[in-house]
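Contents: one structure, followed by commentary.
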Amino acid sequence: MVDADPYLGTRASDSAVLEALFTQAPLGLFLLDEQLRVRRYNTSARGLRGIAGERVIGRTFGEISSGLDTTKLAVLARETLRTGQPVLRHTLKGAPATRPDEDLTVSVSVFQVDDAADGQPGVLMAVEDVTEREAARARLDLLYDTRRTVGTTLDATTTARELASVLVPALADAVTVHILDEVLRGEPHRRGPVDAAQPLRRAAFLHGPDTHAGERDAVLETLPLATPFTRSLEDGTPRLVSRLGAEEGWPLELSDHAHALATAGVHSLMAVPLVVPDAVLGVVTLYRSERPQPYTEQDLDLAVQVASRAALGIDHASSYARERNTATALQRHLLPSRTPDLATVETAHLYLPVSAGGDWFDVIELSGARVGLVVGDVVGHGIEVAAMMGRLRTALRTLAELDLEPDELLIHLDEIAARLASENVDVDGLGHDDDIPAGGRVATCAYAVYDPVKRRLTLASAGHPAPLLVSPEGEVDTVEVEMGPALGTAHGTYETATHTLDDGAVLCLYTDGLLAGSDEAADTLRRVLTHQDRALSETADAIAYALADDQAEDDAVLLLARARGLSDDQAVHWDLPSDPSVVSAARSLAGRQLAAWGLEDIAFETELIISELVTNAIRYGEGPMSLRLIRDRHLTCEVTDGSNTSPHMRRAHDTEEGGRGLYLVMSMSHRWGTRYAARGKTVWSQQTLPGRTGAGARSPE
């Protein structure tokens with residue numbers, strides 16, 4: 001027996017294998033020669049059925065695959081011919097030559113072979129149609145990208161732009177996102193269908209993967225009636241127009257808008273409403289103009305899934321905007337609507353709301369022509385923080401009315417803040433607010449008192465940024481004050497700093513949000529403050545122009561106060577002996593001073609008030625004793641003695657001869673009260689000057 005030639009047996013075996021592949025394999029197979037021209041093929045490859053053999057044999061793979069870019073594949077195939085190294089699963093995307101309006105994705109593997117007939121080297125290309133598999137993967141990738149990148153912020157416009165970016169170019173050549181304007185404003189959602197006449201905001205428009213028509217965003221408009229967009233808004237159902245202009249779709253002759261889209265090159269579109277339970281928030285429209293493939297029902301299902309994710313993010317953003325608007329409105333209501341018009345201090349303020357935080361300020365008219373100046377900042381944002389701010393502001397005003405020194409006032413306010421935090425303010429009943437800690441740092445605050453008689457500023461700080469002081473010549477310095485702990489520890493101790501102010505000096509109090517915009521903000525603030533040749537309101541405007549930041553994350557408050565000391569003839573002081581005979585002398589001294597001031601019209605009431613106050617000081621107080629009259633916007637009478645006993649008013653019976661002194665003082669005074677010093681007290685009475693009404697003289701709340 002003669003053994004068969006092993007080489008011939010191998011070649012015969014290769015021939016049999018190739019024959020079996022070309023006749024039985026479900027893949028598209030192409031046998032190419034050294035010039036990469038087709039020598040043999042089967043018809044399993046998508047798009048070759050029905051094509052005559054002469055249009056395939058002798059042509060390159062690129063010529064018969066006109067819908068695919070085969071440039072790189074040709075390079076790889078030549079490398080396989082040279083080295084014998086196969087190419088595995090090289091992906092090509094495009095469209096079949098016979099159906100250019102369909103997607104086609106193929107996986108191509110290339111192997112070196114020798115033709116069994118003549119032994120000439122060549123390559124075998126195995127082509128697998130993976131269109132459906134790749135489409136499924138692309139859909140999953142799009143859903144993953146949507147979950148990862150859409151709705152990352154609590155801003156509806158940002159969410160709309162994220163939605164557009166994830167859809168272009170993955171599913172659309174252009175995308176427009178319209179959101180109801182009332183949704184963007186944070187108003188409660190209307191249930192049911194949306195009237196087509198409702199104004200919408202074009203929150204995003206994207207055309208092409210690398211271009212963003214930002215100038216077209218934020219346009220307020222109404223959509224044309226009887227279009228796929230408005231129909232989707234009205235019933236919350238998505239619309240598919242696979243072929244624009246088709247009789248069964250959206251005929252061009254029946255709509256100017258459809259005709260305009262067709263003129264712009266759009267041939268297929270989808271209108272998908274942004275829907276949450278019981279409400280439609282807007283509509284996203286996807287256009288195809290570059291790719292020839294029309295949208296399908298499968299594309300519509302995918303777009304609906306993507307839009308639902310975006311709608312959830314927009315709904316959350318709208319709810320946040322609604323809460324922020326409520327908190328901002330509450331905060332504005334709790335802040336002073338205006339500051340009092342004082343003769344001793346010119347004030348101006350700036351409030352830059354961003355996130356409904358707890359920033360606040362106040363200007364408090366105190367006894368003895370003094371003025372309390374306050375700036376504070378509650379930690380956190382939201383309705384609960386605004387409510388906390390209002391409670392702290394009310395508490396501070398109450399403590400200030402008691403004429404406490406700044407350090408003592410902050411000690412009491414620290415205890416109140418700790419107690420409020422332990423209650424963990426729950427305005428809406430939804431539970432505790434994480435922004436308000438149950439203990440520790442609740443708020444910062446700076447409290448200053450300006451005495452225009454002594455031209456003295458007394459200041460204490462609870463963890464708050466140090467104020468700035470601007471001299472009349474425009475020199476800006478930081479006010480030296482020891483910073484105590486923030487409010488809320490219930491164990492805070494504070495130090496008082498005292499500074500003498502020249503007339504025209506400006507105190508600048510602010511919250512840290514004012515300087516959060518940039519590293520140069522502090523220098524900018526100082527530079528603006530140096531201009532002392534303008535009204536404080538103009539300075540506040542200039543600071544707003546220089547430091548307001550659209551990207552800021554925290555509110556900001558600024559309070560400016562220009563000192564105006566009282567002249568020597570606006571305040572008089574007398575030391576008095578603690579003797580009953582001094583009462584008439586005190587009345588006489590006051591009468592002569594009132595005449596010098598031209599206030600004879602209120603001389604009777606004033607002398608009666610002084611008589612009662614001096615009599616009480618002699619009867620119940622201790623020496624030494626003094627009388628002071630101050631004239632600014634009001635006339636203030638002050639009687640000081642060495643006792644800390646608190647005077648109190650009681651109801652006198654009809655048969656009693658005394659007990660009505662403080663009642664008389666109260667009835668003839670605009671305001672009255674008592675303040676305490678380290679030793680002794682001062683009982684004061686404030687009267688409205690002729691030409692001023694009592695109501696108009698009161699400081700605004």
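Identifiers in the structure tokens: chain A, B, ... in order shown; residue index from 1 per chain; ligand index from 1 in order shown.
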
With a distance cut-off of 9 Å and only C-alpha atoms, select the neighbouring residues of range 506-509 of chain A, excluding the residue or stretch itself and same-chain residues fewer than 5 positions from it, and output the selection as a ChimeraX atom specification.
/A:346,361,373-375,446,465-472,479,501,529,532,536,557-563

Run DSSP on the backbone and tell me which residues of range 30-155 of chain A come out as alpha helix (DSSP H); list them as number ranges by chain.
A: 61-64, 71-83, 131-149

To one decimal place, how far is CA of Glu221 in chain A from CA of Val177 in chain A in Å?
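Separating CA of Glu221 in chain A from CA of Val177 in chain A is a distance of 12.1 Å.
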
Quote the spacing between CA of Thr149 in chain A and CA of Val284 in chain A in Å to one decimal place.
16.8 Å

Would you mind listing what lies within 9 Å of Pro188 in chain A as a list in words, with only C-alpha atoms counted and same-chain residues fewer than 6 positions away left out?
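Non-adjacent residues within range: Glu182, Ser318, Ser319 and Arg322 of chain A.
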
Tell me, which residues of range 488-676 of chain A carry DSSP strand (DSSP E), written as a VMD selection string?
chain A and resid 497 to 500 506 to 510 556 to 563 571 to 576 625 to 631 634 to 641 671 to 676

What's the separation between CA of Val572 in chain A and CA of Tyr447 in chain A, in Å to one decimal place?
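So the two atoms, CA of Val572 in chain A and CA of Tyr447 in chain A, lie 27.8 Å apart.
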
Show me, as a list in words, the residues that have an atom within 6 Å of range 326-339 of chain A when counting only C-alpha atoms, minus same-chain residues fewer than 4 positions from it.
Ala356, Gly382, Ile383, Ala386, Gly390 and Glu701 of chain A

Nearest-residue call for Leu404 in chain A, choices A:Leu36, A:Ala677, A:Leu167, A:Ala497, using only C-alpha atoms
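Smallest separation from Leu404 in chain A among the options: A:Ala677.
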
Let me make sure I understand: among A:Ala203, A:Arg419, A:Ala548, A:Leu154, which one has the smallest atom-to-atom distance to Tyr320 in chain A if we use only C-alpha atoms?
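Closest to Tyr320 in chain A of all the choices is A:Leu154.
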
With only C-alpha atoms as the atoms that count, which of A:Val449, A:Val150, A:Ala462, A:Leu163 lies nearest to Arg370 in chain A?
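Checking each candidate against Arg370 in chain A, we get A:Val449 as the closest.
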
A:Ile618, A:Ser588, A:His531, A:Lys454 ranked by distance to Thr606 in chain A, top pick (using only C-alpha atoms):
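Of A:Ile618, A:Ser588, A:His531, A:Lys454, the one nearest Thr606 in chain A, counting only C-alpha atoms, is A:Ser588.
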
Looking at A:Asp145, A:Glu384, A:Asp503, A:Asp523, which one is nearest to Asp477 in chain A, with distances taken over only C-alpha atoms?
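Going through A:Asp145, A:Glu384, A:Asp503, A:Asp523 one by one, the smallest distance to Asp477 in chain A is for A:Asp523.
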
Determine the nearest neighbour of Glu408 in chain A from the options A:Glu253, A:Pro96, A:Glu495, A:Val639, counting only C-alpha atoms.
A:Glu495

Do you know which residues are at most 8 Å from range 229-244 of chain A counting only C-alpha atoms, after dropping those on the same chain fewer than 4 positions away, and could you put them as a PyMOL selection string?
chain A and resi 193-196+223-225+249-252+258+262+266-275+280+282-283+285+294-297+300+304

Written selection (N, CA and C atoms) as an mmCIF file, in the first residue's frame:
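Ended up saving to out-v4.cif:
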data_model
loop_
_atom_site.group_PDB
_atom_site.id
_atom_site.type_symbol
_atom_site.label_atom_id
_atom_site.label_comp_id
_atom_site.auth_asym_id
_atom_site.auth_seq_id
_atom_site.Cartn_x
_atom_site.Cartn_y
_atom_site.Cartn_z
ATOM 1 N N PRO A 193 -54.326 66.995 31.730
ATOM 2 C CA PRO A 193 -53.695 67.464 30.485
ATOM 3 C C PRO A 193 -53.239 68.910 30.579
ATOM 4 N N VAL A 194 -52.347 69.259 29.668
ATOM 5 C CA VAL A 194 -51.794 70.612 29.615
ATOM 6 C C VAL A 194 -52.412 71.345 28.438
ATOM 7 N N ASP A 195 -52.899 72.526 28.705
ATOM 8 C CA ASP A 195 -53.435 73.363 27.636
ATOM 9 C C ASP A 195 -52.306 73.717 26.675
ATOM 10 N N ALA A 196 -52.572 73.549 25.385
ATOM 11 C CA ALA A 196 -51.547 73.831 24.376
ATOM 12 C C ALA A 196 -51.102 75.284 24.387
ATOM 13 N N LEU A 223 -46.050 76.496 21.754
ATOM 14 C CA LEU A 223 -45.866 75.645 20.590
ATOM 15 C C LEU A 223 -47.064 75.752 19.657
ATOM 16 N N PRO A 224 -46.839 75.542 18.365
ATOM 17 C CA PRO A 224 -47.962 75.624 17.408
ATOM 18 C C PRO A 224 -49.041 74.602 17.740
ATOM 19 N N LEU A 225 -50.280 74.975 17.515
ATOM 20 C CA LEU A 225 -51.397 74.077 17.796
ATOM 21 C C LEU A 225 -51.408 72.917 16.818
ATOM 22 N N GLY A 249 -48.505 60.063 8.491
ATOM 23 C CA GLY A 249 -47.769 60.693 9.580
ATOM 24 C C GLY A 249 -48.216 62.119 9.832
ATOM 25 N N TRP A 250 -47.448 63.056 9.303
ATOM 26 C CA TRP A 250 -47.716 64.488 9.517
ATOM 27 C C TRP A 250 -47.554 65.177 8.164
ATOM 28 N N PRO A 251 -48.607 65.224 7.362
ATOM 29 C CA PRO A 251 -48.499 65.744 5.991
ATOM 30 C C PRO A 251 -47.994 67.184 5.977
ATOM 31 N N LEU A 252 -47.064 67.456 5.083
ATOM 32 C CA LEU A 252 -46.463 68.787 5.019
ATOM 33 C C LEU A 252 -47.465 69.845 4.593
ATOM 34 N N ALA A 258 -44.583 71.663 10.039
ATOM 35 C CA ALA A 258 -44.019 70.448 9.459
ATOM 36 C C ALA A 258 -43.238 70.771 8.195
ATOM 37 N N ALA A 262 -39.235 70.041 7.496
ATOM 38 C CA ALA A 262 -38.774 69.308 6.322
ATOM 39 C C ALA A 262 -37.774 70.140 5.525
ATOM 40 N N VAL A 266 -35.229 67.771 8.364
ATOM 41 C CA VAL A 266 -35.756 66.757 9.278
ATOM 42 C C VAL A 266 -36.643 65.798 8.488
ATOM 43 N N HIS A 267 -36.412 64.491 8.673
ATOM 44 C CA HIS A 267 -37.242 63.503 7.976
ATOM 45 C C HIS A 267 -37.967 62.571 8.933
ATOM 46 N N SER A 268 -37.569 62.592 10.216
ATOM 47 C CA SER A 268 -38.220 61.726 11.197
ATOM 48 C C SER A 268 -38.095 62.377 12.565
ATOM 49 N N LEU A 269 -39.129 62.221 13.400
ATOM 50 C CA LEU A 269 -39.085 62.850 14.723
ATOM 51 C C LEU A 269 -39.944 62.082 15.711
ATOM 52 N N MET A 270 -39.651 62.353 17.002
ATOM 53 C CA MET A 270 -40.447 61.805 18.099
ATOM 54 C C MET A 270 -40.718 62.926 19.095
ATOM 55 N N ALA A 271 -41.932 63.012 19.585
ATOM 56 C CA ALA A 271 -42.303 63.955 20.642
ATOM 57 C C ALA A 271 -42.689 63.137 21.866
ATOM 58 N N VAL A 272 -41.901 63.278 22.949
ATOM 59 C CA VAL A 272 -42.089 62.463 24.148
ATOM 60 C C VAL A 272 -42.392 63.388 25.320
ATOM 61 N N PRO A 273 -43.558 63.259 25.949
ATOM 62 C CA PRO A 273 -43.876 64.126 27.084
ATOM 63 C C PRO A 273 -43.036 63.769 28.310
ATOM 64 N N LEU A 274 -42.721 64.772 29.103
ATOM 65 C CA LEU A 274 -42.035 64.576 30.385
ATOM 66 C C LEU A 274 -43.119 64.413 31.440
ATOM 67 N N VAL A 275 -43.332 63.172 31.869
ATOM 68 C CA VAL A 275 -44.506 62.835 32.669
ATOM 69 C C VAL A 275 -44.084 62.314 34.033
ATOM 70 N N VAL A 280 -48.042 66.482 33.580
ATOM 71 C CA VAL A 280 -47.126 66.600 32.455
ATOM 72 C C VAL A 280 -46.285 67.856 32.681
ATOM 73 N N GLY A 282 -43.575 68.844 30.589
ATOM 74 C CA GLY A 282 -43.035 69.423 29.374
ATOM 75 C C GLY A 282 -42.950 68.366 28.301
ATOM 76 N N VAL A 283 -42.124 68.600 27.289
ATOM 77 C CA VAL A 283 -41.999 67.669 26.181
ATOM 78 C C VAL A 283 -40.589 67.757 25.626
ATOM 79 N N THR A 285 -38.377 66.712 22.191
ATOM 80 C CA THR A 285 -38.553 66.360 20.785
ATOM 81 C C THR A 285 -37.211 65.950 20.201
ATOM 82 N N PRO A 294 -35.108 56.146 9.694
ATOM 83 C CA PRO A 294 -36.240 56.750 10.411
ATOM 84 C C PRO A 294 -36.377 56.145 11.803
ATOM 85 N N TYR A 295 -37.064 56.854 12.672
ATOM 86 C CA TYR A 295 -37.331 56.329 14.008
ATOM 87 C C TYR A 295 -38.306 55.168 13.925
ATOM 88 N N THR A 296 -38.158 54.245 14.886
ATOM 89 C CA THR A 296 -39.023 53.076 14.961
ATOM 90 C C THR A 296 -39.743 53.053 16.300
ATOM 91 N N GLU A 297 -40.660 52.138 16.451
ATOM 92 C CA GLU A 297 -41.361 51.974 17.727
ATOM 93 C C GLU A 297 -40.379 51.613 18.834
ATOM 94 N N LEU A 300 -38.873 54.711 20.019
ATOM 95 C CA LEU A 300 -39.827 55.461 20.835
ATOM 96 C C LEU A 300 -39.875 54.920 22.253
ATOM 97 N N VAL A 304 -38.912 57.043 25.618
ATOM 98 C CA VAL A 304 -39.836 57.182 26.744
ATOM 99 C C VAL A 304 -39.134 56.837 28.053
#
